[in-house]
Amino acid sequence: MDEPVIELTGVAKLFDARGVIAKALDEVDLVVRPQRFVALVGPSGCGKSTVLNLVAGLLDPSAGSVRYRGNPVERPNRRVGYMTQKDTLLPWRSVADNIGLPLELACRALGRAERHDRVEQMMELVGLAGFGRHYPSELSGGMRRRAALARMLIYEPETLLLDEPFGALDAQLKLVMQQELARLTHLRQMTVLFVTHDLTEAIALADEVAVFTRRPGRIRRLCKIDLPQPRDIVSVRFTPDFAGYHDLLWNELKEEFGTGGDA
Ligand code: ADP
Ligand code: MG
């Protein structure tokens, strides 16, 4: 039962931008096993979002293979929930109608009342109870991000692909959302591939952290984070083990920021 959920083998990805060929990824090998939380960190432009797009089935690899539960990913993968870096709500729909949209599209058999109940539960879960009738423009940035998270979680995907989901949030809200995500993914036994540029966030949440090289991205170092799950996202940061992982990974990561110095 520990067969990989996600498996990238020798993956390369070239982009042709108006005749200029750019290599985004080169020889990426990555295995994500069931119920594992894997974080990808690396400099901007190293191909992290491209990895998620490949797993989601929105892009094809130029070389190598991308598999999901043993099968090559050849079309958009409906077993994953994907929150992209720029995911936004539809401005003309209320918060509740945004969150319920995947159920309207994918679960047509579901009655109106049941859909309403699931939306209410989901809003409760992400701390948006009572805001269902509001429109996205009436919410703070953090609330909009929570609503996008709720919209992804509502159809109960077995795997989450998250691209810098909390990047734009203030520090306190970020901690709250990280704790919620940790709690939910543990509770629902989900498998997670999580992109972030925040090394602390990566170590606090993940079972494994992959450090990418600068473009073309390869995995420079894969580190198991041997801290017990589920974690208290705040207090874990003050443990000696955490500091050790941070030192180790920062030493790898900083070399990819051009100077090799203390950026
Ligand atoms: P990251 O998420 O790590 O910042 P991306 O995966 O978005 O990096 O991009 C990796 C590289 O591939 C970048 O140099 C980017 O400009 C290029 N790239 C990504 N998507 C496309 C595309 N659709 N067309 C052309 N180039 C792209
Ligand atoms: Mg990106």
# chains A, B, ... in the order shown; residues from 1 in each chain; ligands from 1
call {"tool": "residues_near_ligand", "arguments": {"ligand": "ligand 2", "cutoff": "7 Å", "atoms": "only C-alpha atoms and all ligand atoms", "output": "number ranges by chain"}}
result
A: 44-45, 47-49, 85, 163
call {"tool": "write_last_selection", "arguments": {"atoms": "N, CA and C atoms", "output": "compact mmCIF listing (two decimals), in the first residue's frame"}}
result
# COMPACT_ATOMS: atom_id res chain seq x y z
N SER A 44 13.24 31.51 -7.30
CA SER A 44 12.21 31.84 -8.27
C SER A 44 12.67 31.46 -9.68
N GLY A 45 11.79 30.85 -10.46
CA GLY A 45 12.11 30.49 -11.83
C GLY A 45 12.79 29.14 -11.99
N GLY A 47 11.46 26.22 -11.64
CA GLY A 47 10.58 25.18 -12.20
C GLY A 47 9.63 24.53 -11.20
N LYS A 48 9.43 25.13 -10.03
CA LYS A 48 8.56 24.53 -9.02
C LYS A 48 7.10 24.45 -9.53
N SER A 49 6.62 25.57 -10.06
CA SER A 49 5.24 25.56 -10.57
C SER A 49 5.10 24.60 -11.75
N GLN A 85 -0.70 29.38 -8.08
CA GLN A 85 -0.14 30.57 -7.45
C GLN A 85 -1.10 31.75 -7.58
N ASP A 163 0.48 25.71 -4.59
CA ASP A 163 1.58 26.55 -5.09
C ASP A 163 1.63 27.87 -4.32
call {"tool": "residues_near_ligand", "arguments": {"ligand": "ligand 1", "cutoff": "10 Å", "atoms": "only C-alpha atoms and all ligand atoms", "output": "JSON, numbers by chain"}}
result
{"A": [13, 14, 15, 16, 17, 18, 20, 21, 22, 23, 24, 25, 40, 41, 42, 43, 44, 45, 46, 47, 48, 49, 50, 51, 52, 53, 54, 59, 85, 163, 164, 195, 196, 197, 212, 213, 214, 215, 216, 217]}
call {"tool": "select_by_dssp", "arguments": {"residues": "region 18-92 of chain A", "states": "strand (DSSP E or B)", "output": "PyMOL selection string"}}
result
chain A and resi 20-32+37-41+63-68+71-72+80-83
call {"tool": "write_last_selection", "arguments": {"atoms": "C-alpha atoms", "output": "short mmCIF file (atom, residue, chain, number, x, y, z; two decimals), in the first residue's frame"}}
result
data_model
loop_
_atom_site.label_atom_id
_atom_site.label_comp_id
_atom_site.auth_asym_id
_atom_site.auth_seq_id
_atom_site.Cartn_x
_atom_site.Cartn_y
_atom_site.Cartn_z
CA VAL A 20 13.85 30.87 -27.68
CA ILE A 21 14.15 27.47 -26.04
CA ALA A 22 14.39 27.57 -22.26
CA LYS A 23 15.05 24.53 -20.15
CA ALA A 24 12.93 24.76 -17.00
CA LEU A 25 13.58 21.31 -15.53
CA ASP A 26 16.38 18.81 -16.02
CA GLU A 27 16.49 15.23 -14.74
CA VAL A 28 14.03 15.55 -11.91
CA ASP A 29 13.34 12.38 -9.91
CA LEU A 30 10.76 12.64 -7.17
CA VAL A 31 8.58 10.13 -5.34
CA VAL A 32 5.67 11.09 -3.10
CA PHE A 37 3.61 15.93 2.81
CA VAL A 38 6.44 16.94 0.47
CA ALA A 39 7.60 20.56 0.14
CA LEU A 40 9.53 21.98 -2.82
CA VAL A 41 11.76 24.97 -2.20
CA ALA A 63 11.62 13.81 -21.40
CA GLY A 64 11.07 11.28 -18.66
CA SER A 65 7.79 10.22 -17.12
CA VAL A 66 5.21 11.60 -14.70
CA ARG A 67 3.02 8.97 -13.06
CA TYR A 68 0.06 9.14 -10.72
CA ASN A 71 -0.28 5.45 -14.53
CA PRO A 72 1.25 8.05 -16.85
CA VAL A 80 -5.82 16.02 -7.35
CA GLY A 81 -6.95 19.36 -5.99
CA TYR A 82 -4.74 22.11 -7.42
CA MET A 83 -4.44 25.60 -5.98
#
call {"tool": "residues_around", "arguments": {"residues": "region 227-243 of chain A", "least_positions_apart": "2", "cutoff": "6 Å", "atoms": "only C-alpha atoms", "output": "JSON list (two decimals) with C-alpha atoms, in the first residue's frame"}}
result
[["chain", "number", "residue", "atom", "x", "y", "z"],
["A", 179, "GLN", "CA", -1.91, 24.93, 11.34],
["A", 204, "ALA", "CA", 7.33, 23.09, 9.84],
["A", 225, "ILE", "CA", 12.09, 15.91, 8.36],
["A", 245, "TYR", "CA", 17.17, 21.09, 9.64],
["A", 246, "HIS", "CA", 17.02, 24.80, 8.99]]
call {"tool": "closest_residue", "arguments": {"among": "A:Glu180, A:Leu253, A:Gln172, A:Arg221", "to": "Asp198 (chain A)", "atoms": "only C-alpha atoms"}}
result
A:Leu253
call {"tool": "closest_atom_pairs", "arguments": {"of": "region 49-91 of chain A", "to": "region 133-145 of chain A", "cutoff": "8 Å", "atoms": "only C-alpha atoms", "output": "CSV"}}
result
residue,atom,partner,partner_atom,distance
A:Thr88,CA,A:Arg144,CA,7.8
A:Leu89,CA,A:Pro136,CA,6.7
A:Leu90,CA,A:Pro136,CA,7.5
A:Pro91,CA,A:Pro136,CA,5.7
call {"tool": "closest_residue", "arguments": {"among": "A:Ile203, A:Cys223, A:Met190, A:Val119", "to": "Ala96 (chain A)", "atoms": "only C-alpha atoms"}}
result
A:Val119
call {"tool": "closest_residue", "arguments": {"among": "A:Phe166, A:Leu175, A:Leu128, A:Glu156", "to": "Arg188 (chain A)", "atoms": "only C-alpha atoms"}}
result
A:Glu156
call {"tool": "select_by_dssp", "arguments": {"residues": "region 27-199 of chain A", "states": "alpha helix (DSSP H)", "output": "VMD selection string"}}
result
chain A and resid 48 to 56 95 to 99 101 to 106 112 to 125 141 to 153 171 to 187 199
call {"tool": "atom_distance", "arguments": {"atom1": "CA of Leu187 (chain A)", "atom2": "CA of Ser94 (chain A)"}}
result
28.2 Å
call {"tool": "closest_residue", "arguments": {"among": "A:Leu160, A:Leu222, A:Ala202, A:Val209", "to": "Gln189 (chain A)", "atoms": "only C-alpha atoms"}}
result
A:Leu160
call {"tool": "closest_residue", "arguments": {"among": "A:Ala147, A:Ala106, A:Ile6, A:Ile219", "to": "Glu252 (chain A)", "atoms": "only C-alpha atoms"}}
result
A:Ile219
call {"tool": "closest_residue", "arguments": {"among": "A:Lys86, A:Ala210, A:Thr200, A:Pro4", "to": "Ala171 (chain A)", "atoms": "only C-alpha atoms"}}
result
A:Thr200
call {"tool": "atom_distance", "arguments": {"atom1": "CA of Lys224 (chain A)", "atom2": "CA of Asp207 (chain A)"}}
result
5.9 Å
